[in-house]
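K.L.:
Here's a structure for you.
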Amino acid sequence: MRLTEAALNRPQSGVRKMMELAWGREDVVHLEVGEPGFETAPHVVAAAHHAAAVDHRTRYSPTPGLPELREALAEKIGKVNGIEVDGGQVLVTNGGANALFAVLGSMLDQSTSVLLPNPGWSNFTMMTRAFGATPVSYDLDASNRYLPDLDQLASLVRPDTRAIVLNSPSNPLGSVIDRALAERLFEFAAAHDLWIVSDECYDGVDFSGEFVSIGSLEGTPERVVSVYSFSKVYAMTGWRVGYVAVPHEVVTPVLGLLQPSVMCVNTPAQYAALAAIEGPQEYLDDWREQYRRHRDLVLARIDGSRYSALRPDGGFYVWLDVRDFGKSSEEFATSLLLDHGVATTPGTAFGTNGEGFLRLSLATAYDDLRLGLDRLLAV
């Protein structure tokens, strides 16, 4: 029996590797997991239960998603993100990852390349390679406040470059692209005739007030594809509901990948998502403030220590500098787990520029975070 060389050599997620090493161990403080520690809101859970148990809505839904959910999402995208879309331009997906996979698969093939952030979410590279395309990394580092540098981007563009992937607020960095930089990035993409794939799955976790959806710069989508998710903002990681706003010309190609891969998103979960988007939003403000409190705790505790960190403006991670300890990121993360009972993610899980760093998740209980910091500072 034969498998392709690409299938045999696909990289594995460094995030998952550390999670699997930590799971099942006793007395471990989990700061590696990239998901909210909050429970899904009760009215959201109730909506799914009612859809399944009372209304018996357990059959297939349309591949693009429930029409009423798509309309509600179009309204949210217009109101919150400033992008003018109709329901026909919004597709419901099996999480944000599924949206990104279908979008990139509509733009890339073996003859193309794409600009990807380094450090950045490892799945960007995994998806690119799955379609036989070439990932070309652009640097995010302290020299430019962990934001894209336009001069470097221009030097990386090739005749086969089709798109640039942006992620704001960033996983793993927490950096946020403000309006001035968004405008320059949009102009860059237009000058080089590139698609912009904007991963905005943390759009509701902005501490700076500077976050802007880059798609809002063109009003209705033409060049920008904007990806969102219920996972991070609404603490619905296991529900697997994401959504994407696309130009009209991209709808059919994306559906061409959604239909054979997932057919449709779980129907009761879509009714849960509808309840989340149409229901009360005030509790999200409280959650965001708790993430901010956790961020401030970490920064205060490491001040004056051998550790240092970027002050994140969004998301729920801290990018911790451990270069002073003389170990690789993976060695440090492994010893921290096995010898001190603190699970983190090595920075190299997010690219070569992650060497010397760890990603700490703020999405845990305050007391657990304090305990993890006690152990961290004792190293």
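Identifiers in this document derive from the order of the structure tokens: chains are assigned A, B, ..., residues are numbered from 1 separately in each chain, and ligands are numbered from 1 in order of occurrence.
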Would you mind writing down, as a PDB file with C-alpha atoms, in the first residue's frame, each residue of stretch 226-270 of chain A that DSSP on the backbone assigns to alpha helix (DSSP H)?
P.N.:
ATOM      1  CA  PHE A 230     -17.075  31.351  18.119  1.00  0.00           C
ATOM      2  CA  SER A 231     -14.316  29.283  19.743  1.00  0.00           C
ATOM      3  CA  LYS A 232     -12.201  31.943  21.415  1.00  0.00           C
ATOM      4  CA  VAL A 233     -14.582  34.843  21.922  1.00  0.00           C
ATOM      5  CA  HIS A 248     -18.942  37.112  -4.053  1.00  0.00           C
ATOM      6  CA  GLU A 249     -16.495  35.475  -6.489  1.00  0.00           C
ATOM      7  CA  VAL A 250     -14.974  33.387  -3.677  1.00  0.00           C
ATOM      8  CA  VAL A 251     -18.250  31.896  -2.392  1.00  0.00           C
ATOM      9  CA  THR A 252     -18.523  29.045  -4.895  1.00  0.00           C
ATOM     10  CA  PRO A 253     -14.836  27.971  -4.746  1.00  0.00           C
ATOM     11  CA  VAL A 254     -14.911  27.873  -0.944  1.00  0.00           C
ATOM     12  CA  LEU A 255     -18.157  25.897  -0.945  1.00  0.00           C
ATOM     13  CA  GLY A 256     -16.470  23.515  -3.367  1.00  0.00           C
ATOM     14  CA  LEU A 257     -14.089  22.546  -0.572  1.00  0.00           C
ATOM     15  CA  LEU A 258     -16.571  22.710   2.315  1.00  0.00           C
ATOM     16  CA  GLN A 259     -19.043  20.292   0.740  1.00  0.00           C
ATOM     17  CA  PRO A 260     -16.689  17.318   0.207  1.00  0.00           C
ATOM     18  CA  SER A 261     -14.816  17.890   3.479  1.00  0.00           C
ATOM     19  CA  THR A 267     -27.008  21.689  13.130  1.00  0.00           C
ATOM     20  CA  PRO A 268     -27.708  22.086  16.887  1.00  0.00           C
ATOM     21  CA  ALA A 269     -24.324  23.798  17.249  1.00  0.00           C
ATOM     22  CA  GLN A 270     -25.406  26.349  14.646  1.00  0.00           C
TER      23      GLN A 270
END
K.L.:
What lies within 10 Å of A:Leu181 using only C-alpha atoms, ignoring chain neighbours under 3 positions off, as a ChimeraX atom specification?
P.N.:
/A:147-150,176-178,184-187,212,214
K.L.:
Write a file of the selected residues as a CSV table (one decimal), in the first residue's frame, keeping C-alpha atoms.
P.N.:
chain,number,residue,atom,x,y,z
A,147,LEU,CA,4.2,43.6,13.6
A,148,PRO,CA,4.6,43.1,9.8
A,149,ASP,CA,7.4,45.2,8.2
A,150,LEU,CA,6.4,46.6,4.8
A,176,VAL,CA,-2.6,44.1,17.3
A,177,ILE,CA,-2.6,45.8,13.9
A,178,ASP,CA,-3.9,49.3,14.2
A,184,ARG,CA,-0.4,50.4,4.6
A,185,LEU,CA,-0.8,46.6,4.4
A,186,PHE,CA,-3.9,47.0,2.3
A,187,GLU,CA,-2.1,49.3,-0.1
A,212,VAL,CA,-9.4,47.2,13.2
A,214,ILE,CA,-8.6,45.2,7.6
K.L.:
For A:Ala52, which of A:Leu310, A:Ala272, A:Leu66, A:Val318 is the closest residue, counting only C-alpha atoms?
P.N.:
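Comparing A:Leu310, A:Ala272, A:Leu66, A:Val318 against A:Ala52, the winner is A:Ala272.
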K.L.:
Using only C-alpha atoms, which of the listed residues (A:Leu108, A:Met1, A:Ser335, A:His294) sits closest to A:Ala365?
P.N.:
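Once distances to A:Ala365 are computed over only C-alpha atoms, the minimum belongs to A:His294.
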K.L.:
Give me, as a PyMOL selection string, all polymer residues having an atom no more than 7 Å from A:Asp160, counting only C-alpha atoms and skipping those fewer than 6 positions away in the same chain.
P.N.:
chain A and resi 111-113
K.L.:
Write out, as a PDB file, in the first residue's frame, the residues just selected, with C-alpha atoms.
P.N.:
ATOM      1  CA  SER A 111       2.540  26.595  -8.530  1.00  0.00           C
ATOM      2  CA  THR A 112       1.911  29.266  -5.900  1.00  0.00           C
ATOM      3  CA  SER A 113       3.268  30.698  -2.645  1.00  0.00           C
TER       4      SER A 113
END
K.L.:
Show me, as a VMD selection string, the residues that have an atom within 12 Å of A:Asp339 when counting only C-alpha atoms, minus same-chain residues fewer than 6 positions from it.
P.N.:
chain A and resid 22 25 27 to 28 331 to 333 375 to 376 378 to 379
K.L.:
So which residues touch A:Val225 within 6 Å, counting only C-alpha atoms, skipping near sequence neighbours fewer than 4 positions away, as a PDB file with N, CA and C atoms, in the first residue's frame?
P.N.:
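Saved as out25.pdb:
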ATOM      1  N   VAL A 197      -5.787  37.315   3.537  1.00  0.00           N
ATOM      2  CA  VAL A 197      -6.551  36.394   4.370  1.00  0.00           C
ATOM      3  C   VAL A 197      -6.339  36.845   5.805  1.00  0.00           C
ATOM      4  N   ALA A 245     -16.239  35.811   5.944  1.00  0.00           N
ATOM      5  CA  ALA A 245     -16.835  36.793   5.041  1.00  0.00           C
ATOM      6  C   ALA A 245     -15.957  36.877   3.798  1.00  0.00           C
ATOM      7  N   VAL A 246     -16.543  36.653   2.639  1.00  0.00           N
ATOM      8  CA  VAL A 246     -15.761  36.554   1.409  1.00  0.00           C
ATOM      9  C   VAL A 246     -16.362  37.415   0.302  1.00  0.00           C
TER      10      VAL A 246
END
K.L.:
Kindly give the distance, in Å, that separates atom CA of A:Asp324 and atom CA of A:Arg306, rounded to a single decimal.
P.N.:
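That distance, rounded to one decimal, is 6.5 Å.
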K.L.:
Between atom CA of A:Glu68 and atom CA of A:Val205, what is the spacing in Å?
P.N.:
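The value is 25.5 Å.
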K.L.:
List the spatial neighbours of A:Pro280 as a PyMOL selection string - criterion: any atom at most 10 Å away, only C-alpha atoms, same-chain residues fewer than 5 positions off excluded.
P.N.:
chain A and resi 41+43+275
K.L.:
What lies within 7 Å of A:Tyr60 using only C-alpha atoms, ignoring chain neighbours under 2 positions off, as a list in words?
P.N.:
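Near A:Tyr60, the qualifying residues are Thr58, Pro62, Cys264 and Thr267 of chain A.
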K.L.:
Point out the residue among A:Pro117, A:Pro172, A:Pro221, A:Pro42 with the least atom-to-atom distance to A:Thr345, counting only C-alpha atoms.
P.N.:
A:Pro172
K.L.:
I'd like a table as a tab-separated table: residues in stretch 152-244 of chain A with an atom no more than 6 Å from stretch 92-104 of chain A, each row giving the shortest atom pair and its distance in Å to one decimal, only C-alpha atoms counted, sorted by chain and rising residue number.
P.N.:
residue	atom	partner	partner_atom	distance
A:Tyr228	CA	A:Gly96	CA	5.9
A:Ser229	CA	A:Gly96	CA	5.1
A:Arg240	CA	A:Gly95	CA	4.4
A:Val241	CA	A:Gly95	CA	4.3
A:Gly242	CA	A:Gly95	CA	3.9
A:Tyr243	CA	A:Val92	CA	4.4
K.L.:
For C-alpha atoms, I'd like the residues from the last selection saved as a tab-separated table (two decimals), in the first residue's frame.
P.N.:
chain	number	residue	atom	x	y	z
A	228	TYR	CA	-13.88	34.53	12.58
A	229	SER	CA	-14.81	31.93	15.14
A	240	ARG	CA	-16.68	23.84	16.18
A	241	VAL	CA	-18.46	26.80	14.63
A	242	GLY	CA	-16.58	29.42	12.65
A	243	TYR	CA	-17.52	31.75	9.82
K.L.:
Select from stretch 105-188 of chain A every residue with an atom at most 7 Å from any atom of stretch 351-362 of chain A, then for each give the shortest pair of atoms and their distance in Å to one decimal, using only C-alpha atoms, rows by chain and rising number, as CSV.
P.N.:
residue,atom,partner,partner_atom,distance
A:Asn118,CA,A:Gly351,CA,5.4
A:Pro119,CA,A:Gly351,CA,4.9
A:Gly120,CA,A:Gly351,CA,6.5
A:Pro172,CA,A:Arg359,CA,6.4
K.L.:
Mind pulling up the distance from atom CA of A:Met236 to atom CA of A:His49?
P.N.:
14.8 Å
K.L.:
Select, from A:Val322, A:Cys201, A:Val80, A:Val54, the residue with the minimum atom-to-atom distance to A:Ser226, counting only C-alpha atoms.
P.N.:
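For A:Ser226, the nearest of the given residues is A:Cys201.
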K.L.:
Check the DSSP output for the backbone and give back, as a ChimeraX atom specification, the residues of stretch 42-249 of chain A in strand (DSSP E).
P.N.:
/A:90-93,113-118,134-139,161-167,195-199,224-229,242-245
K.L.:
Could you turn the residues from that selection into a file that holds C-alpha atoms, as a short mmCIF file (atom, residue, chain, number, x, y, z; two decimals), in the first residue's frame?
P.N.:
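Wrote it out as out16.cif, contents follow:
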data_model
loop_
_atom_site.label_atom_id
_atom_site.label_comp_id
_atom_site.auth_asym_id
_atom_site.auth_seq_id
_atom_site.Cartn_x
_atom_site.Cartn_y
_atom_site.Cartn_z
CA VAL A 90 -21.01 34.67 4.91
CA LEU A 91 -20.24 30.95 5.12
CA VAL A 92 -20.53 28.93 8.33
CA THR A 93 -17.64 26.52 8.83
CA SER A 113 3.27 30.70 -2.65
CA VAL A 114 1.79 32.61 0.28
CA LEU A 115 3.25 35.03 2.86
CA LEU A 116 2.85 33.72 6.42
CA PRO A 117 3.74 35.24 9.82
CA ASN A 118 6.71 33.87 11.78
CA THR A 134 5.16 27.16 -0.77
CA PRO A 135 5.04 28.99 2.57
CA VAL A 136 7.19 32.13 2.64
CA SER A 137 7.73 33.49 6.15
CA TYR A 138 7.75 37.14 7.11
CA ASP A 139 9.30 38.10 10.43
CA THR A 161 2.77 34.85 -4.54
CA ARG A 162 -1.01 34.81 -4.30
CA ALA A 163 -1.86 35.96 -0.78
CA ILE A 164 -0.69 37.26 2.55
CA VAL A 165 -2.06 35.87 5.81
CA LEU A 166 -2.51 38.36 8.64
CA ASN A 167 -3.50 37.53 12.21
CA TRP A 195 -5.39 38.36 -1.56
CA ILE A 196 -5.46 39.24 2.12
CA VAL A 197 -6.55 36.39 4.37
CA SER A 198 -7.25 38.03 7.72
CA ASP A 199 -7.52 35.67 10.69
CA VAL A 224 -9.92 40.72 1.80
CA VAL A 225 -11.26 37.46 3.22
CA SER A 226 -12.05 37.76 6.94
CA VAL A 227 -12.16 34.68 9.17
CA TYR A 228 -13.88 34.53 12.58
CA SER A 229 -14.81 31.93 15.14
CA GLY A 242 -16.58 29.42 12.65
CA TYR A 243 -17.52 31.75 9.82
CA VAL A 244 -15.93 33.66 6.99
CA ALA A 245 -16.84 36.79 5.04
#
